[in-house]
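Before any comments, here is the structure.
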Amino acid sequence: MTGREMRMKRLFNGDENVVIVAADHGEFDGPIPGMIDLPETTRKIHPGVDGVLLSPGMLAHCAHVFAGKGAPLAVVRINWATTYCFHWGYTQGATVPAATPREAVGRGADIVLISLTLRTGSEAQDARNIEIFCRMAEEAHGLGLPVIGEYFPTKIDAPQSDAFHDEIKSGCRILAELGADMIKTFHTVRFREVVDGCPLPIFGLGAEKAETQVDALALAAREMADGARGVVFGRNAIQVPDPVAFQKALCEVVKRGVDPATAAVEFGLR
């Protein structure tokens, strides 16, 4: 068994579905509510989650999350892409390395996340994005690190449209063809097609902050019903009155198939 396989088995705890809490927003948004003091924020992460997604520079500040027996795995985003800076009006989808896989593992990473954006409007930029993804993934695999590939379009104006779905479906398959081990992406209007068209475990992201915590749990339930092997939730798992309670409920929904409303009542969510 390789190091990459060992780390993936730890993430899935054998064959369980996966819950990852994303706390890397500051890499693109700066300090946002709920994540201003990130070390304090990460102290409110339920130890039952499987992984925590961070930016390279914040891993050292939040090392307490990963230091104990049975702690979540450290998932580190290692490329920086303008597509996440939509608040600045960026739409070119350019990407650059933010840390090498070797630097990430030296800081304590168990898994790396590498994003990919295509259909940028520039064939040269698309090719450059592919080149960066492949080079970083190859280096990560050489170090025994699993790679979560994240397909993220340049625009998310209509996430339930057929066009958005078609791009996600193609993008996820392309990531698999390029060597990703797992994929993080949007839940689309026909998400089962995305899952069926990709031979890798797919994690549904939480996207925008849901109106209520029950709505967020319901999204996770839909993603699981459509074939996802887990979720990566950020704002919905952190920007809530009691993050630990929500994350406990999320684990019940994702790992044990508990009804969202039932889980919300059990953990006192609204």
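Letters for chains follow the order of the structure tokens (A, B, ...), residue numbers begin at 1 for each chain, and ligand numbers begin at 1 in the order shown.
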Residues of segment 61-99 of chain A at most 10 Å from segment 116-133 of chain A: nearest atom pair and distance in Å, only C-alpha atoms, as a Markdown table:
```
| residue | atom | partner | partner_atom | distance |
| --- | --- | --- | --- | --- |
| A:Asn79 | CA | A:Phe133 | CA | 8.6 |
| A:Ala81 | CA | A:Thr117 | CA | 8.4 |
| A:Thr82 | CA | A:Thr117 | CA | 9.6 |
| A:Thr83 | CA | A:Thr117 | CA | 7.6 |
| A:Thr91 | CA | A:Thr120 | CA | 7.4 |
| A:Gln92 | CA | A:Thr120 | CA | 5.5 |
| A:Gly93 | CA | A:Thr120 | CA | 5.6 |
| A:Ala94 | CA | A:Gln125 | CA | 6.6 |
| A:Thr95 | CA | A:Asn129 | CA | 6.3 |
| A:Val96 | CA | A:Ile132 | CA | 7.3 |
| A:Pro97 | CA | A:Ile132 | CA | 7.4 |
```
Write a file of the selected residues as a CSV table (one decimal), in the first residue's frame, keeping C-alpha atoms.
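This is the output file out_15.csv:
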```
chain,number,residue,atom,x,y,z
A,79,ASN,CA,-2.6,27.0,-6.1
A,81,ALA,CA,-6.6,31.3,-8.9
A,82,THR,CA,-8.2,34.6,-9.9
A,83,THR,CA,-11.5,32.8,-10.5
A,91,THR,CA,-13.0,36.5,-14.9
A,92,GLN,CA,-9.8,35.4,-16.6
A,93,GLY,CA,-9.3,32.2,-14.6
A,94,ALA,CA,-5.5,32.6,-14.3
A,95,THR,CA,-3.8,30.3,-11.7
A,96,VAL,CA,-0.3,30.1,-10.2
A,97,PRO,CA,1.3,27.9,-7.6
```
Quiz item: With only C-alpha atoms as the atoms that count, which of A:Pro39, A:Gly171, A:Pro33, A:Gly234 lies nearest to Leu205 of chain A?
Solution: A:Gly234
Exercise. Write out as number ranges by chain all residues of segment 105-261 of chain A that DSSP puts in helix (DSSP H, G or I) for this structure's backbone.
Key: A: 105-107, 123-142, 162-178, 191-196, 213-225, 235-238, 243-256, 260-261
Practice problem: State, in Å with one decimal place, the distance from atom CA of Glu177 of chain A to atom CA of Ile111 of chain A. | Solution: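 Spanning atom CA of Glu177 of chain A to atom CA of Ile111 of chain A is a straight-line distance of 19.0 Å.
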Quiz item: Ala249 of chain A: which residues within 7 Å, counting only C-alpha atoms, same-chain residues fewer than 5 positions away excluded, as an MDAnalysis selection string?
Solution: chainID A and resid 263:264 267
Preceding selection exported with N, CA and C atoms as an mmCIF file, in the first residue's frame:
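See result07.cif below for the written result:
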```cif
data_model
loop_
_atom_site.group_PDB
_atom_site.id
_atom_site.type_symbol
_atom_site.label_atom_id
_atom_site.label_comp_id
_atom_site.auth_asym_id
_atom_site.auth_seq_id
_atom_site.Cartn_x
_atom_site.Cartn_y
_atom_site.Cartn_z
ATOM 1 N N ALA A 263 -31.801 15.693 12.315
ATOM 2 C CA ALA A 263 -30.483 16.074 12.821
ATOM 3 C C ALA A 263 -30.514 17.487 13.395
ATOM 4 N N ALA A 264 -31.263 18.381 12.744
ATOM 5 C CA ALA A 264 -31.351 19.762 13.227
ATOM 6 C C ALA A 264 -31.985 19.812 14.614
ATOM 7 N N PHE A 267 -29.592 18.471 17.414
ATOM 8 C CA PHE A 267 -28.476 19.324 17.813
ATOM 9 C C PHE A 267 -28.877 20.785 18.019
#
```
Quiz prompt | Long-range neighbours of Ala237 of chain A as JSON, numbers by chain, 9 Å cut-off, only C-alpha atoms, 2 positions minimum in chain | solution = {"A": [21, 22, 45, 206, 213, 216, 233, 234, 235, 239, 240, 243, 244, 246, 247, 250]}
So that I have them on file, write out the residues from the current selection with C-alpha atoms, as an mmCIF file, in the first residue's frame.
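So the final result, stored in again_5.cif, reads:
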```
data_model
loop_
_atom_site.group_PDB
_atom_site.id
_atom_site.type_symbol
_atom_site.label_atom_id
_atom_site.label_comp_id
_atom_site.auth_asym_id
_atom_site.auth_seq_id
_atom_site.Cartn_x
_atom_site.Cartn_y
_atom_site.Cartn_z
ATOM 1 C CA VAL A 21 -14.645 21.831 6.749
ATOM 2 C CA ALA A 22 -13.232 24.558 4.499
ATOM 3 C CA ILE A 45 -14.230 22.542 14.512
ATOM 4 C CA GLY A 206 -21.563 24.147 0.177
ATOM 5 C CA GLN A 213 -28.926 25.623 8.873
ATOM 6 C CA ALA A 216 -27.583 23.630 4.446
ATOM 7 C CA PHE A 233 -18.605 22.977 3.622
ATOM 8 C CA GLY A 234 -17.124 26.312 4.654
ATOM 9 C CA ARG A 235 -19.409 29.260 5.385
ATOM 10 C CA GLN A 239 -20.616 31.158 10.014
ATOM 11 C CA VAL A 240 -23.278 29.750 12.348
ATOM 12 C CA PRO A 243 -20.253 25.554 14.573
ATOM 13 C CA VAL A 244 -19.615 22.356 16.532
ATOM 14 C CA PHE A 246 -23.840 22.162 13.070
ATOM 15 C CA GLN A 247 -20.841 20.027 12.174
ATOM 16 C CA LEU A 250 -23.642 17.463 9.203
#
```
Practice problem: Select, from A:Arg192, A:His61, A:Lys209, A:Lys255, the residue with the minimum atom-to-atom distance to Ala225 of chain A, counting only C-alpha atoms. | Solution: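 Closest candidate: A:Arg192.
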Quiz prompt | One-decimal distance in Å that lies between atom CA of Lys44 of chain A and atom CA of Ala245 of chain A | solution =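 Atom CA of Lys44 of chain A lies 9.5 Å from atom CA of Ala245 of chain A.
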Self-check item: From A:Ala158, A:Gly14, A:Glu223, A:Val52, residue lying nearest Thr185 of chain A [only C-alpha atoms]
Solution: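 So, comparing all the options, the nearest one is A:Glu223.
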Quiz item: Restricting the calculation to only C-alpha atoms, which member of A:Ala180, A:Ala207, A:Cys134, A:Leu200 is positioned closest to Phe152 of chain A?
Solution: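 Once distances to Phe152 of chain A are computed over only C-alpha atoms, the minimum belongs to A:Ala207.
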Practice problem: Would you mind writing down, as a PyMOL selection string, each residue of segment 29-254 of chain A that DSSP on the backbone assigns to strand (DSSP E)? | Solution: chain A and resi 51-54+73-77+79-81+95-97+111-116+147-151+182-185+202-205+230-233
Quiz prompt | Closest of A:Asp110, A:Asp196, A:Glu208, A:Glu40 to Ala71 of chain A - atom-to-atom distances counting only C-alpha atoms | solution =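 Using only C-alpha atoms, the shortest distance to Ala71 of chain A belongs to A:Asp110.
Checking A:Pro201, A:Pro260, A:Gly57, A:Gly34 one by one against Leu11 of chain A, counting only C-alpha atoms, you find the shortest gap at A:Pro201.
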Practice problem: Work out how far apart atom CA of Asp166 of chain A and atom CA of Tyr84 of chain A are and give it in Å to one decimal. | Solution: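 Separation between atom CA of Asp166 of chain A and atom CA of Tyr84 of chain A: 20.0 Å.
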Compile a residue-level contact table for segment 25-104 of chain A against segment 4-8 of chain A at a cut-off of 12 Å, reporting for every qualifying residue the shortest atom pair and its distance in Å to one decimal, with only C-alpha atoms counted, rows ordered by chain and ascending number, as JSON lines.
```
{"residue": "A:Asp50", "atom": "CA", "partner": "A:Met8", "partner_atom": "CA", "distance": 10.7}
{"residue": "A:Gly51", "atom": "CA", "partner": "A:Met8", "partner_atom": "CA", "distance": 11.0}
{"residue": "A:Pro72", "atom": "CA", "partner": "A:Arg7", "partner_atom": "CA", "distance": 11.4}
{"residue": "A:Leu73", "atom": "CA", "partner": "A:Arg7", "partner_atom": "CA", "distance": 8.6}
{"residue": "A:Ala74", "atom": "CA", "partner": "A:Arg7", "partner_atom": "CA", "distance": 10.6}
{"residue": "A:Val75", "atom": "CA", "partner": "A:Arg7", "partner_atom": "CA", "distance": 11.0}
```
